[in-house]
Amino acid sequence: MRPDDFFRGSEVKPPAVVVSGDEVALGIVRDLGRERVPVLAMGPDRHGPALSSRYCAARLCADPHYDEDQLIADLEAAASTLPQRAVLFPAHDDYVFAVSRHKTRLEKSFIVPVMPWECMQTLADKELQLGLAQQQASTYQ
């Protein structure tokens with residue numbers, strides 16, 4: 001999708017911003033694009049599969065594994081160019097966790113359907129999950 005087509009579509013229908021650029025993001029981009037949702041795919045690799053899809057406009061962003069603060073700044077910069085708030089779809093764990101940690105800040109620019117970090121942290125910490133599961137198991141024995 002050409003950027004000008006994306007921006008024109010975003011004036012009429014709330015856009016989606018899909019972040020990561022990998023194969024999972026490509027599936028989300030395709031599903032939304034087939035429904036005629038204007039999609040902006042963002043990822044750290046210009047050759048990532050999602051950024052090459054015909055269903056989206058593409059923009060580079062930082063990889064949160066290496067520079068989470070820059071990712072958040074890149075998302076805010078992208079949001080500042082949109083005609084209306086977009087729904088933010090982080091499509092990989094590192095992106096989900098970064099968006100979750102900065103949910104309050106990002107909600108100024110996006111609709112963020114991700115739990116806040118206080119809740120998401122339990123899902124992100126596998127050792128904590130195991131400990132909670134062991135606690136639950138011991139209460140039922």
# chains A, B, ... in the order shown; residues from 1 in each chain; ligands from 1

$ select_by_dssp --residues "region 31-141 of chain A" --states "strand (DSSP E or B)" --output "PDB file with N, CA and C atoms, in the first residue's frame"
ATOM      1  N   VAL A  39      -3.583   0.044   7.398  1.00  0.00           N
ATOM      2  CA  VAL A  39      -2.584  -0.552   8.292  1.00  0.00           C
ATOM      3  C   VAL A  39      -1.215   0.064   8.044  1.00  0.00           C
ATOM      4  N   LEU A  40      -0.563   0.417   9.155  1.00  0.00           N
ATOM      5  CA  LEU A  40       0.830   0.814   9.128  1.00  0.00           C
ATOM      6  C   LEU A  40       1.607  -0.283   9.847  1.00  0.00           C
ATOM      7  N   ALA A  41       2.510  -0.947   9.137  1.00  0.00           N
ATOM      8  CA  ALA A  41       3.361  -1.964   9.759  1.00  0.00           C
ATOM      9  C   ALA A  41       4.678  -1.314  10.138  1.00  0.00           C
ATOM     10  N   MET A  42       5.117  -1.583  11.364  1.00  0.00           N
ATOM     11  CA  MET A  42       6.380  -1.032  11.835  1.00  0.00           C
ATOM     12  C   MET A  42       7.262  -2.165  12.343  1.00  0.00           C
ATOM     13  N   GLY A  43       8.529  -2.105  12.019  1.00  0.00           N
ATOM     14  CA  GLY A  43       9.472  -3.111  12.481  1.00  0.00           C
ATOM     15  C   GLY A  43      10.891  -2.638  12.269  1.00  0.00           C
ATOM     16  N   CYS A  56      -0.292  -2.882   3.539  1.00  0.00           N
ATOM     17  CA  CYS A  56       0.084  -1.865   4.528  1.00  0.00           C
ATOM     18  C   CYS A  56       1.079  -0.867   3.959  1.00  0.00           C
ATOM     19  N   ALA A  57       1.153   0.247   4.658  1.00  0.00           N
ATOM     20  CA  ALA A  57       2.280   1.169   4.513  1.00  0.00           C
ATOM     21  C   ALA A  57       3.311   0.705   5.544  1.00  0.00           C
ATOM     22  N   ALA A  58       4.560   1.040   5.356  1.00  0.00           N
ATOM     23  CA  ALA A  58       5.609   0.536   6.241  1.00  0.00           C
ATOM     24  C   ALA A  58       6.466   1.672   6.787  1.00  0.00           C
ATOM     25  N   ARG A  59       6.971   1.437   7.994  1.00  0.00           N
ATOM     26  CA  ARG A  59       7.852   2.416   8.635  1.00  0.00           C
ATOM     27  C   ARG A  59       8.775   1.648   9.576  1.00  0.00           C
ATOM     28  N   LEU A  60      10.016   2.051   9.632  1.00  0.00           N
ATOM     29  CA  LEU A  60      10.972   1.400  10.519  1.00  0.00           C
ATOM     30  C   LEU A  60      10.808   1.898  11.950  1.00  0.00           C
ATOM     31  N   ALA A  86      -4.823   5.524  16.275  1.00  0.00           N
ATOM     32  CA  ALA A  86      -4.785   4.183  15.702  1.00  0.00           C
ATOM     33  C   ALA A  86      -4.860   3.148  16.817  1.00  0.00           C
ATOM     34  N   VAL A  87      -5.294   1.952  16.452  1.00  0.00           N
ATOM     35  CA  VAL A  87      -5.233   0.817  17.364  1.00  0.00           C
ATOM     36  C   VAL A  87      -3.835   0.228  17.216  1.00  0.00           C
ATOM     37  N   LEU A  88      -3.159   0.023  18.333  1.00  0.00           N
ATOM     38  CA  LEU A  88      -1.786  -0.474  18.338  1.00  0.00           C
ATOM     39  C   LEU A  88      -1.793  -1.982  18.574  1.00  0.00           C
ATOM     40  N   PHE A  89      -1.210  -2.732  17.652  1.00  0.00           N
ATOM     41  CA  PHE A  89      -1.129  -4.193  17.740  1.00  0.00           C
ATOM     42  C   PHE A  89       0.322  -4.630  17.836  1.00  0.00           C
ATOM     43  N   PRO A  90       0.861  -4.813  19.041  1.00  0.00           N
ATOM     44  CA  PRO A  90       2.203  -5.380  19.141  1.00  0.00           C
ATOM     45  C   PRO A  90       2.105  -6.887  18.864  1.00  0.00           C
ATOM     46  N   PHE A 110      -2.546   6.327  21.062  1.00  0.00           N
ATOM     47  CA  PHE A 110      -3.092   5.106  20.478  1.00  0.00           C
ATOM     48  C   PHE A 110      -4.219   4.540  21.332  1.00  0.00           C
ATOM     49  N   ILE A 111      -4.988   3.679  20.720  1.00  0.00           N
ATOM     50  CA  ILE A 111      -5.870   2.773  21.452  1.00  0.00           C
ATOM     51  C   ILE A 111      -5.002   1.545  21.696  1.00  0.00           C
TER      52      ILE A 111
END

$ residues_around --residues "region 33-37 of chain A" --least-positions-apart "3" --cutoff "8 Å" --atoms "only C-alpha atoms" --output "list in words"
Gly9, Lys13, Pro14, Pro15, Ala16, Val29, Arg30, Tyr55 and Cys56 of chain A

$ write_last_selection --atoms "N, CA, C and O atoms" --output "PDB file, in the first residue's frame"
ATOM      1  N   GLY A   9      -6.967   6.649   3.653  1.00  0.00           N
ATOM      2  CA  GLY A   9      -7.847   5.697   4.331  1.00  0.00           C
ATOM      3  C   GLY A   9      -7.966   5.964   5.814  1.00  0.00           C
ATOM      4  O   GLY A   9      -9.022   5.764   6.416  1.00  0.00           O
ATOM      5  N   LYS A  13     -11.335   5.873   8.256  1.00  0.00           N
ATOM      6  CA  LYS A  13     -11.482   4.728   9.158  1.00  0.00           C
ATOM      7  C   LYS A  13     -10.293   4.703  10.108  1.00  0.00           C
ATOM      8  O   LYS A  13      -9.162   4.953   9.680  1.00  0.00           O
ATOM      9  N   PRO A  14     -10.534   4.417  11.403  1.00  0.00           N
ATOM     10  CA  PRO A  14      -9.392   4.358  12.331  1.00  0.00           C
ATOM     11  C   PRO A  14      -8.342   3.359  11.837  1.00  0.00           C
ATOM     12  O   PRO A  14      -8.675   2.224  11.499  1.00  0.00           O
ATOM     13  N   PRO A  15      -7.092   3.781  11.791  1.00  0.00           N
ATOM     14  CA  PRO A  15      -6.036   2.897  11.306  1.00  0.00           C
ATOM     15  C   PRO A  15      -5.557   1.933  12.387  1.00  0.00           C
ATOM     16  O   PRO A  15      -5.869   2.085  13.571  1.00  0.00           O
ATOM     17  N   ALA A  16      -4.781   0.959  11.943  1.00  0.00           N
ATOM     18  CA  ALA A  16      -4.110   0.029  12.844  1.00  0.00           C
ATOM     19  C   ALA A  16      -2.610   0.188  12.637  1.00  0.00           C
ATOM     20  O   ALA A  16      -2.149   0.378  11.508  1.00  0.00           O
ATOM     21  N   VAL A  29      -1.479  -8.047   9.664  1.00  0.00           N
ATOM     22  CA  VAL A  29      -1.563  -7.058   8.579  1.00  0.00           C
ATOM     23  C   VAL A  29      -2.509  -7.562   7.494  1.00  0.00           C
ATOM     24  O   VAL A  29      -3.385  -6.828   7.023  1.00  0.00           O
ATOM     25  N   ARG A  30      -2.338  -8.815   7.099  1.00  0.00           N
ATOM     26  CA  ARG A  30      -3.191  -9.368   6.038  1.00  0.00           C
ATOM     27  C   ARG A  30      -4.655  -9.419   6.457  1.00  0.00           C
ATOM     28  O   ARG A  30      -5.540  -9.063   5.673  1.00  0.00           O
ATOM     29  N   TYR A  55      -0.754  -4.983   1.826  1.00  0.00           N
ATOM     30  CA  TYR A  55      -1.885  -4.501   2.619  1.00  0.00           C
ATOM     31  C   TYR A  55      -1.533  -3.360   3.566  1.00  0.00           C
ATOM     32  O   TYR A  55      -2.380  -2.940   4.354  1.00  0.00           O
ATOM     33  N   CYS A  56      -0.292  -2.882   3.539  1.00  0.00           N
ATOM     34  CA  CYS A  56       0.084  -1.865   4.528  1.00  0.00           C
ATOM     35  C   CYS A  56       1.079  -0.867   3.959  1.00  0.00           C
ATOM     36  O   CYS A  56       1.750  -1.119   2.969  1.00  0.00           O
TER      37      CYS A  56
END

$ closest_residue --among "A:Ile72, A:Gln134, A:Ala78, A:Arg8" --to "Arg101 (chain A)" --atoms "only C-alpha atoms"
A:Ile72

$ atom_distance --atom1 "CA of Leu132 (chain A)" --atom2 "CA of Cys119 (chain A)"
13.8 Å

$ select_by_dssp --residues "chain A" --states "helix (DSSP H, G or I)" --output "MDAnalysis selection string"
chainID A and resid 3:12 23:34 50:52 64:80 93:101 103:106 117:124 126:139

$ closest_residue --among "A:Leu26, A:Ala77, A:Ala124, A:Ala98" --to "Leu51 (chain A)" --atoms "only C-alpha atoms"
A:Leu26

$ closest_residue --among "A:Val17, A:Leu32, A:Leu123, A:Leu128" --to "Glu76 (chain A)" --atoms "only C-alpha atoms"
A:Val17

$ residues_around --residues "Pro44 (chain A)" --least-positions-apart "6" --cutoff "12 Å" --atoms "only C-alpha atoms" --output "PDB file with N, CA, C and O atoms, in the first residue's frame"
ATOM      1  N   VAL A  19       3.051  -3.765  15.061  1.00  0.00           N
ATOM      2  CA  VAL A  19       4.465  -3.593  15.375  1.00  0.00           C
ATOM      3  C   VAL A  19       5.167  -4.927  15.591  1.00  0.00           C
ATOM      4  O   VAL A  19       4.732  -5.738  16.394  1.00  0.00           O
ATOM      5  N   SER A  20       6.198  -5.148  14.866  1.00  0.00           N
ATOM      6  CA  SER A  20       7.235  -6.173  14.971  1.00  0.00           C
ATOM      7  C   SER A  20       7.800  -6.501  13.611  1.00  0.00           C
ATOM      8  O   SER A  20       8.986  -6.686  13.472  1.00  0.00           O
ATOM      9  N   GLY A  21       6.973  -6.610  12.584  1.00  0.00           N
ATOM     10  CA  GLY A  21       7.469  -6.856  11.242  1.00  0.00           C
ATOM     11  C   GLY A  21       7.673  -8.311  10.883  1.00  0.00           C
ATOM     12  O   GLY A  21       7.987  -8.623   9.747  1.00  0.00           O
ATOM     13  N   ASP A  22       7.482  -9.229  11.838  1.00  0.00           N
ATOM     14  CA  ASP A  22       7.729 -10.636  11.568  1.00  0.00           C
ATOM     15  C   ASP A  22       6.523 -11.338  10.941  1.00  0.00           C
ATOM     16  O   ASP A  22       5.567 -10.704  10.513  1.00  0.00           O
ATOM     17  N   ALA A  50       6.179  -8.476   7.176  1.00  0.00           N
ATOM     18  CA  ALA A  50       5.005  -7.605   7.341  1.00  0.00           C
ATOM     19  C   ALA A  50       5.201  -6.268   6.648  1.00  0.00           C
ATOM     20  O   ALA A  50       4.265  -5.717   6.074  1.00  0.00           O
ATOM     21  N   LEU A  51       6.409  -5.748   6.685  1.00  0.00           N
ATOM     22  CA  LEU A  51       6.668  -4.444   6.082  1.00  0.00           C
ATOM     23  C   LEU A  51       6.628  -4.496   4.554  1.00  0.00           C
ATOM     24  O   LEU A  51       6.542  -3.470   3.900  1.00  0.00           O
ATOM     25  N   ALA A  58       4.560   1.040   5.356  1.00  0.00           N
ATOM     26  CA  ALA A  58       5.609   0.536   6.241  1.00  0.00           C
ATOM     27  C   ALA A  58       6.466   1.672   6.787  1.00  0.00           C
ATOM     28  O   ALA A  58       6.648   2.701   6.132  1.00  0.00           O
ATOM     29  N   ARG A  59       6.971   1.437   7.994  1.00  0.00           N
ATOM     30  CA  ARG A  59       7.852   2.416   8.635  1.00  0.00           C
ATOM     31  C   ARG A  59       8.775   1.648   9.576  1.00  0.00           C
ATOM     32  O   ARG A  59       8.344   0.725  10.265  1.00  0.00           O
ATOM     33  N   LEU A  60      10.016   2.051   9.632  1.00  0.00           N
ATOM     34  CA  LEU A  60      10.972   1.400  10.519  1.00  0.00           C
ATOM     35  C   LEU A  60      10.808   1.898  11.950  1.00  0.00           C
ATOM     36  O   LEU A  60      10.384   3.030  12.183  1.00  0.00           O
ATOM     37  N   CYS A  61      11.156   1.029  12.881  1.00  0.00           N
ATOM     38  CA  CYS A  61      11.178   1.397  14.305  1.00  0.00           C
ATOM     39  C   CYS A  61      12.276   0.598  14.982  1.00  0.00           C
ATOM     40  O   CYS A  61      12.784  -0.379  14.435  1.00  0.00           O
ATOM     41  N   ALA A  62      12.604   1.011  16.182  1.00  0.00           N
ATOM     42  CA  ALA A  62      13.634   0.325  16.961  1.00  0.00           C
ATOM     43  C   ALA A  62      13.123  -1.034  17.445  1.00  0.00           C
ATOM     44  O   ALA A  62      11.926  -1.246  17.596  1.00  0.00           O
ATOM     45  N   ASP A  63      14.056  -1.922  17.695  1.00  0.00           N
ATOM     46  CA  ASP A  63      13.767  -3.229  18.280  1.00  0.00           C
ATOM     47  C   ASP A  63      13.789  -3.059  19.805  1.00  0.00           C
ATOM     48  O   ASP A  63      14.806  -2.636  20.364  1.00  0.00           O
ATOM     49  N   PRO A  64      12.686  -3.377  20.501  1.00  0.00           N
ATOM     50  CA  PRO A  64      12.651  -3.146  21.949  1.00  0.00           C
ATOM     51  C   PRO A  64      13.649  -3.998  22.728  1.00  0.00           C
ATOM     52  O   PRO A  64      14.008  -3.647  23.849  1.00  0.00           O
ATOM     53  N   HIS A  65      14.106  -5.076  22.135  1.00  0.00           N
ATOM     54  CA  HIS A  65      15.106  -5.916  22.810  1.00  0.00           C
ATOM     55  C   HIS A  65      16.410  -5.138  23.010  1.00  0.00           C
ATOM     56  O   HIS A  65      17.138  -5.375  23.966  1.00  0.00           O
ATOM     57  N   TYR A  66      16.673  -4.195  22.102  1.00  0.00           N
ATOM     58  CA  TYR A  66      17.910  -3.416  22.158  1.00  0.00           C
ATOM     59  C   TYR A  66      17.707  -1.981  22.614  1.00  0.00           C
ATOM     60  O   TYR A  66      18.609  -1.392  23.201  1.00  0.00           O
ATOM     61  N   ASP A  67      16.532  -1.391  22.312  1.00  0.00           N
ATOM     62  CA  ASP A  67      16.325   0.018  22.652  1.00  0.00           C
ATOM     63  C   ASP A  67      14.829   0.302  22.817  1.00  0.00           C
ATOM     64  O   ASP A  67      14.187   0.855  21.925  1.00  0.00           O
ATOM     65  N   GLU A  68      14.296  -0.071  23.958  1.00  0.00           N
ATOM     66  CA  GLU A  68      12.869   0.099  24.231  1.00  0.00           C
ATOM     67  C   GLU A  68      12.445   1.555  24.209  1.00  0.00           C
ATOM     68  O   GLU A  68      11.381   1.889  23.675  1.00  0.00           O
ATOM     69  N   GLN A  70      13.666   3.986  22.480  1.00  0.00           N
ATOM     70  CA  GLN A  70      13.598   4.465  21.096  1.00  0.00           C
ATOM     71  C   GLN A  70      12.356   3.916  20.401  1.00  0.00           C
ATOM     72  O   GLN A  70      11.724   4.617  19.611  1.00  0.00           O
ATOM     73  N   LEU A  71      11.980   2.667  20.703  1.00  0.00           N
ATOM     74  CA  LEU A  71      10.746   2.115  20.128  1.00  0.00           C
ATOM     75  C   LEU A  71       9.555   2.985  20.503  1.00  0.00           C
ATOM     76  O   LEU A  71       8.741   3.342  19.648  1.00  0.00           O
ATOM     77  N   ASP A  74       9.636   6.101  18.594  1.00  0.00           N
ATOM     78  CA  ASP A  74       9.275   5.848  17.196  1.00  0.00           C
ATOM     79  C   ASP A  74       7.759   5.700  17.043  1.00  0.00           C
ATOM     80  O   ASP A  74       7.174   6.206  16.079  1.00  0.00           O
ATOM     81  N   TYR A  95       7.660  -6.739  21.959  1.00  0.00           N
ATOM     82  CA  TYR A  95       6.862  -5.547  21.660  1.00  0.00           C
ATOM     83  C   TYR A  95       5.665  -5.447  22.620  1.00  0.00           C
ATOM     84  O   TYR A  95       5.339  -4.363  23.083  1.00  0.00           O
TER      85      TYR A  95
END

$ closest_residue --among "A:Ser100, A:Arg105, A:Arg54, A:Glu11" --to "Trp117 (chain A)" --atoms "only C-alpha atoms"
A:Ser100

$ residues_around --residues "Thr122 (chain A)" --least-positions-apart "6" --cutoff "12 Å" --atoms "only C-alpha atoms" --output "ChimeraX atom specification"
/A:97,100,115-116,128-133

$ closest_residue --among "A:Met120, A:Met1, A:His47, A:Ser53" --to "Asp94 (chain A)" --atoms "only C-alpha atoms"
A:Met120

$ atom_distance --atom1 "CA of His92 (chain A)" --atom2 "CA of Val114 (chain A)"
12.2 Å

$ atom_distance --atom1 "CA of Arg2 (chain A)" --atom2 "CA of Lys103 (chain A)"
29.1 Å

$ decode --residues "region 99-127 of chain A" --atoms "N, CA and C atoms" --output "short mmCIF file (atom, residue, chain, number, x, y, z; two decimals), in the first residue's frame"
data_model
loop_
_atom_site.label_atom_id
_atom_site.label_comp_id
_atom_site.auth_asym_id
_atom_site.auth_seq_id
_atom_site.Cartn_x
_atom_site.Cartn_y
_atom_site.Cartn_z
N VAL A 99 5.17 -2.27 25.07
CA VAL A 99 3.93 -1.49 25.00
C VAL A 99 3.21 -1.54 26.34
N SER A 100 3.19 -2.70 26.98
CA SER A 100 2.54 -2.84 28.28
C SER A 100 3.21 -1.95 29.33
N ARG A 101 4.55 -1.93 29.34
CA ARG A 101 5.27 -1.09 30.31
C ARG A 101 5.00 0.39 30.10
N HIS A 102 4.71 0.80 28.87
CA HIS A 102 4.50 2.21 28.54
C HIS A 102 3.05 2.49 28.14
N LYS A 103 2.13 1.64 28.57
CA LYS A 103 0.72 1.74 28.17
C LYS A 103 0.14 3.12 28.45
N THR A 104 0.32 3.64 29.63
CA THR A 104 -0.26 4.95 29.99
C THR A 104 0.25 6.04 29.05
N ARG A 105 1.52 6.04 28.78
CA ARG A 105 2.11 7.03 27.88
C ARG A 105 1.57 6.86 26.46
N LEU A 106 1.50 5.61 25.98
CA LEU A 106 1.06 5.36 24.60
C LEU A 106 -0.43 5.61 24.40
N GLU A 107 -1.22 5.51 25.46
CA GLU A 107 -2.66 5.74 25.33
C GLU A 107 -3.00 7.19 24.97
N LYS A 108 -2.04 8.08 25.11
CA LYS A 108 -2.25 9.46 24.67
C LYS A 108 -2.32 9.53 23.15
N SER A 109 -1.70 8.56 22.49
CA SER A 109 -1.60 8.57 21.03
C SER A 109 -2.31 7.42 20.33
N PHE A 110 -2.55 6.33 21.06
CA PHE A 110 -3.09 5.11 20.48
C PHE A 110 -4.22 4.54 21.33
N ILE A 111 -4.99 3.68 20.72
CA ILE A 111 -5.87 2.77 21.45
C ILE A 111 -5.00 1.55 21.70
N VAL A 112 -4.79 1.19 22.96
CA VAL A 112 -3.82 0.15 23.33
C VAL A 112 -4.53 -1.03 23.99
N PRO A 113 -4.87 -2.08 23.22
CA PRO A 113 -5.58 -3.23 23.79
C PRO A 113 -4.64 -4.25 24.43
N VAL A 114 -3.79 -3.75 25.33
CA VAL A 114 -2.82 -4.58 26.03
C VAL A 114 -2.96 -4.29 27.52
N MET A 115 -2.82 -5.32 28.34
CA MET A 115 -2.91 -5.11 29.79
C MET A 115 -1.74 -4.26 30.28
N PRO A 116 -1.97 -3.48 31.36
CA PRO A 116 -0.85 -2.73 31.94
C PRO A 116 0.20 -3.69 32.50
N TRP A 117 1.42 -3.20 32.65
CA TRP A 117 2.55 -4.03 33.06
C TRP A 117 2.30 -4.72 34.40
N GLU A 118 1.57 -4.08 35.30
CA GLU A 118 1.32 -4.70 36.60
C GLU A 118 0.65 -6.07 36.44
N CYS A 119 -0.18 -6.22 35.43
CA CYS A 119 -0.83 -7.51 35.13
C CYS A 119 0.01 -8.35 34.19
N MET A 120 0.55 -7.74 33.17
CA MET A 120 1.30 -8.46 32.15
C MET A 120 2.58 -9.06 32.69
N GLN A 121 3.14 -8.47 33.71
CA GLN A 121 4.41 -8.95 34.27
C GLN A 121 4.30 -10.40 34.73
N THR A 122 3.17 -10.77 35.27
CA THR A 122 2.96 -12.15 35.71
C THR A 122 3.06 -13.10 34.51
N LEU A 123 2.52 -12.69 33.38
CA LEU A 123 2.59 -13.52 32.18
C LEU A 123 4.00 -13.56 31.60
N ALA A 124 4.74 -12.49 31.77
CA ALA A 124 6.09 -12.40 31.20
C ALA A 124 7.12 -13.18 32.01
N ASP A 125 6.88 -13.35 33.29
CA ASP A 125 7.84 -13.98 34.19
C ASP A 125 7.49 -15.46 34.38
N LYS A 126 8.18 -16.32 33.66
CA LYS A 126 7.87 -17.76 33.69
C LYS A 126 8.15 -18.37 35.06
N GLU A 127 9.19 -17.92 35.75
CA GLU A 127 9.48 -18.44 37.09
C GLU A 127 8.36 -18.06 38.06
#
